[in-house]
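Please read the structure below before turning to the comments.
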Amino acid sequence: MEVMIELQKHGKTDTENFADITAPLDVMTLLSMPDHLRKTAITVCRLGRATAEEVAQQTKRARAVESAYLNQLVLMGYLKKERQGRKAYFYVDKENKE
Amino acid sequence: MGKIIAIHSYKGGTGKTLFSVNLATTFALKGKKACLLDMDFRAPSLHAIFKVNNVECWLNDYLNGTCTIQKALVDLSEISGGKGKLLVGLANPSTEAIRDMSAKDRKWEMRALGRLLSLRNSVLDEMGMDYLIFDTSPGLQYSSINAIVSADLVFVISTIDASDVQGTKRMLCELYDLFEKKTYIILNKVLMDISSKRGKEELSERLGNTHTLPIFEIVPCFCDILKAGGTYIVAKEKPQHFFSKMLCHMTEKINHL
């Protein structure tokens, strides 16, 4: 959340501009997350690579809600986002640098 | 579709390994395909129980990404007398390996979680196993929580020791619930006679608010099993033992969870 506020302060909102900000998404990090984000993050861990639609199917929440949570996790540095045509894929960067 | 089961506890010495080994053996004896993984990298024990010391690859190697899960599994199906299948993944018991596993960083643990999550596909779907059982280390440790996150069901083995009960209750709210896991408690080494009203009351008094606890089974303290000290597998060597019969009953219940 702090990362997001910090980024917004600088007038940057496009998550794809921050692909270099990464943090390991380990279980202790998952434990310390707010419930709504943890659910989304675990689902991406399980699926490996997924769109907001695919995550929403698993969590039974609205696609738009998942899209917002996924982008928040990207801003926090836990997930990476990659565009392929009209679709945006989210995944855990296992080779990331702390 | 297969099930992934994590056997965990708050404290050590509660009987996790005893349950894991005997549960996997009972499944195999009933003709099921079970895979048991030793996730206690700080104090490995399955190699001693199954008396296997020379393996091509350890579970440590799989988590390090240097071998496939198939290479890290030892086929011990002969235990079931050809009825079922039992594959076991062993943790490396050497001091060097234990030291190495204790010094892993968060990034490594994140990759290890990914590898454990992928076992659903490789062990259950591709290899066609019915059950994958994780024998974890006690308390809040990376390897245990990774196993819990990867599992469908979590069995928490607790004794009636006050600190164990308190710790188990805390983990229910602060660990298993946070990961939305179906969690069940197995009370082990219970000294009260729960067939009597007085014994039941005594146990309730010791546990406090029993109605809020998801108790799966209450297992009495078996002196002969404690005396044996893991030198044999009860479900295999003593199928008529009350403990073996309880395990048969538990496997039936697990099938329906």
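Numbering starts fresh at 1 for the residues of each chain in the structure tokens, the chains themselves are lettered A, B, ... in the order given, and ligands are numbered from 1 as they appear.
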
With only C-alpha atoms counted and 9 Å as the cut-off, give the residues of chain B in contact with chain A, each with its shortest interatomic distance in Å and the pair that gives it, as a Markdown table.
| residue | atom | partner | partner_atom | distance |
| --- | --- | --- | --- | --- |
| B:Arg106 | CA | A:Asp26 | CA | 6.1 |
| B:Lys107 | CA | A:Pro24 | CA | 5.5 |
| B:Trp108 | CA | A:Asp26 | CA | 8.6 |
| B:Glu109 | CA | A:Asp26 | CA | 6.1 |
| B:Met110 | CA | A:Asp26 | CA | 4.4 |
| B:Arg111 | CA | A:Lys94 | CA | 6.2 |
| B:Leu113 | CA | A:Asp26 | CA | 7.5 |
| B:Gly114 | CA | A:Cys45 | CA | 6.8 |
| B:Leu117 | CA | A:Arg46 | CA | 6.2 |
| B:Ser118 | CA | A:Arg46 | CA | 7.8 |
| B:Tyr142 | CA | A:Val27 | CA | 7.0 |
| B:Ile145 | CA | A:Val27 | CA | 6.6 |
| B:Asn146 | CA | A:Val27 | CA | 6.4 |
| B:Val149 | CA | A:Val27 | CA | 7.9 |
| B:Ser150 | CA | A:Arg46 | CA | 8.3 |
| B:Glu174 | CA | A:Leu31 | CA | 8.6 |
| B:Leu175 | CA | A:Leu31 | CA | 7.5 |
| B:Leu178 | CA | A:Asp35 | CA | 7.1 |
| B:Phe179 | CA | A:Lys39 | CA | 7.9 |
| B:Glu180 | CA | A:Lys39 | CA | 8.8 |

Do you know which residues are at most 9 Å from segment 68-70 of chain A counting only C-alpha atoms, after dropping those on the same chain fewer than 6 positions away, and could you put them as a count of residues only?
9

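Here atom CA of Lys83 of chain B is placed at a distance of 7.8 Å from atom CA of Lys32 of chain B.
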
Separation of atom CA of Phe155 of chain B and atom CA of Gln70 of chain B, in Å?
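Calculated distance between atom CA of Phe155 of chain B and atom CA of Gln70 of chain B is 25.5 Å.
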
Name all residues at most 8 Å from segment 51-63 of chain B (count only C-alpha atoms; drop same-chain ones fewer than 2 positions away) and give them as an mmCIF file with C-alpha atoms, in the first residue's frame.
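Result file is part-v6.cif:
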data_model
loop_
_atom_site.group_PDB
_atom_site.id
_atom_site.type_symbol
_atom_site.label_atom_id
_atom_site.label_comp_id
_atom_site.auth_asym_id
_atom_site.auth_seq_id
_atom_site.Cartn_x
_atom_site.Cartn_y
_atom_site.Cartn_z
ATOM 1 C CA LEU B 37 6.974 -36.508 1.649
ATOM 2 C CA ASP B 38 9.277 -35.724 4.580
ATOM 3 C CA PHE B 41 14.243 -30.720 6.754
ATOM 4 C CA LEU B 46 11.362 -41.020 7.283
ATOM 5 C CA HIS B 47 14.697 -42.470 6.060
ATOM 6 C CA ALA B 48 15.135 -44.123 9.480
ATOM 7 C CA ILE B 49 11.549 -45.373 9.704
ATOM 8 C CA GLY B 65 15.421 -27.485 -8.686
ATOM 9 C CA THR B 66 18.166 -29.998 -9.507
ATOM 10 C CA CYS B 67 15.944 -33.049 -10.142
ATOM 11 C CA THR B 68 12.385 -33.998 -10.985
ATOM 12 C CA ILE B 69 9.941 -35.172 -8.310
ATOM 13 C CA LYS B 71 13.657 -38.996 -9.219
ATOM 14 C CA ALA B 72 13.219 -37.939 -5.597
ATOM 15 C CA LEU B 73 10.609 -40.609 -4.854
ATOM 16 C CA VAL B 74 11.445 -44.095 -3.558
ATOM 17 C CA GLY B 89 10.220 -38.594 -0.733
ATOM 18 C CA LEU B 90 13.003 -38.392 1.834
ATOM 19 C CA ALA B 91 14.656 -35.342 3.376
ATOM 20 C CA ASN B 92 18.452 -35.478 3.439
ATOM 21 C CA ALA B 97 22.036 -30.612 4.187
ATOM 22 C CA MET B 101 18.158 -25.915 4.278
ATOM 23 C CA ARG B 111 10.425 -20.911 -5.461
ATOM 24 C CA ALA B 112 9.993 -23.883 -3.114
ATOM 25 C CA ARG B 115 7.514 -26.372 -6.694
ATOM 26 C CA LEU B 116 5.225 -27.734 -3.967
#
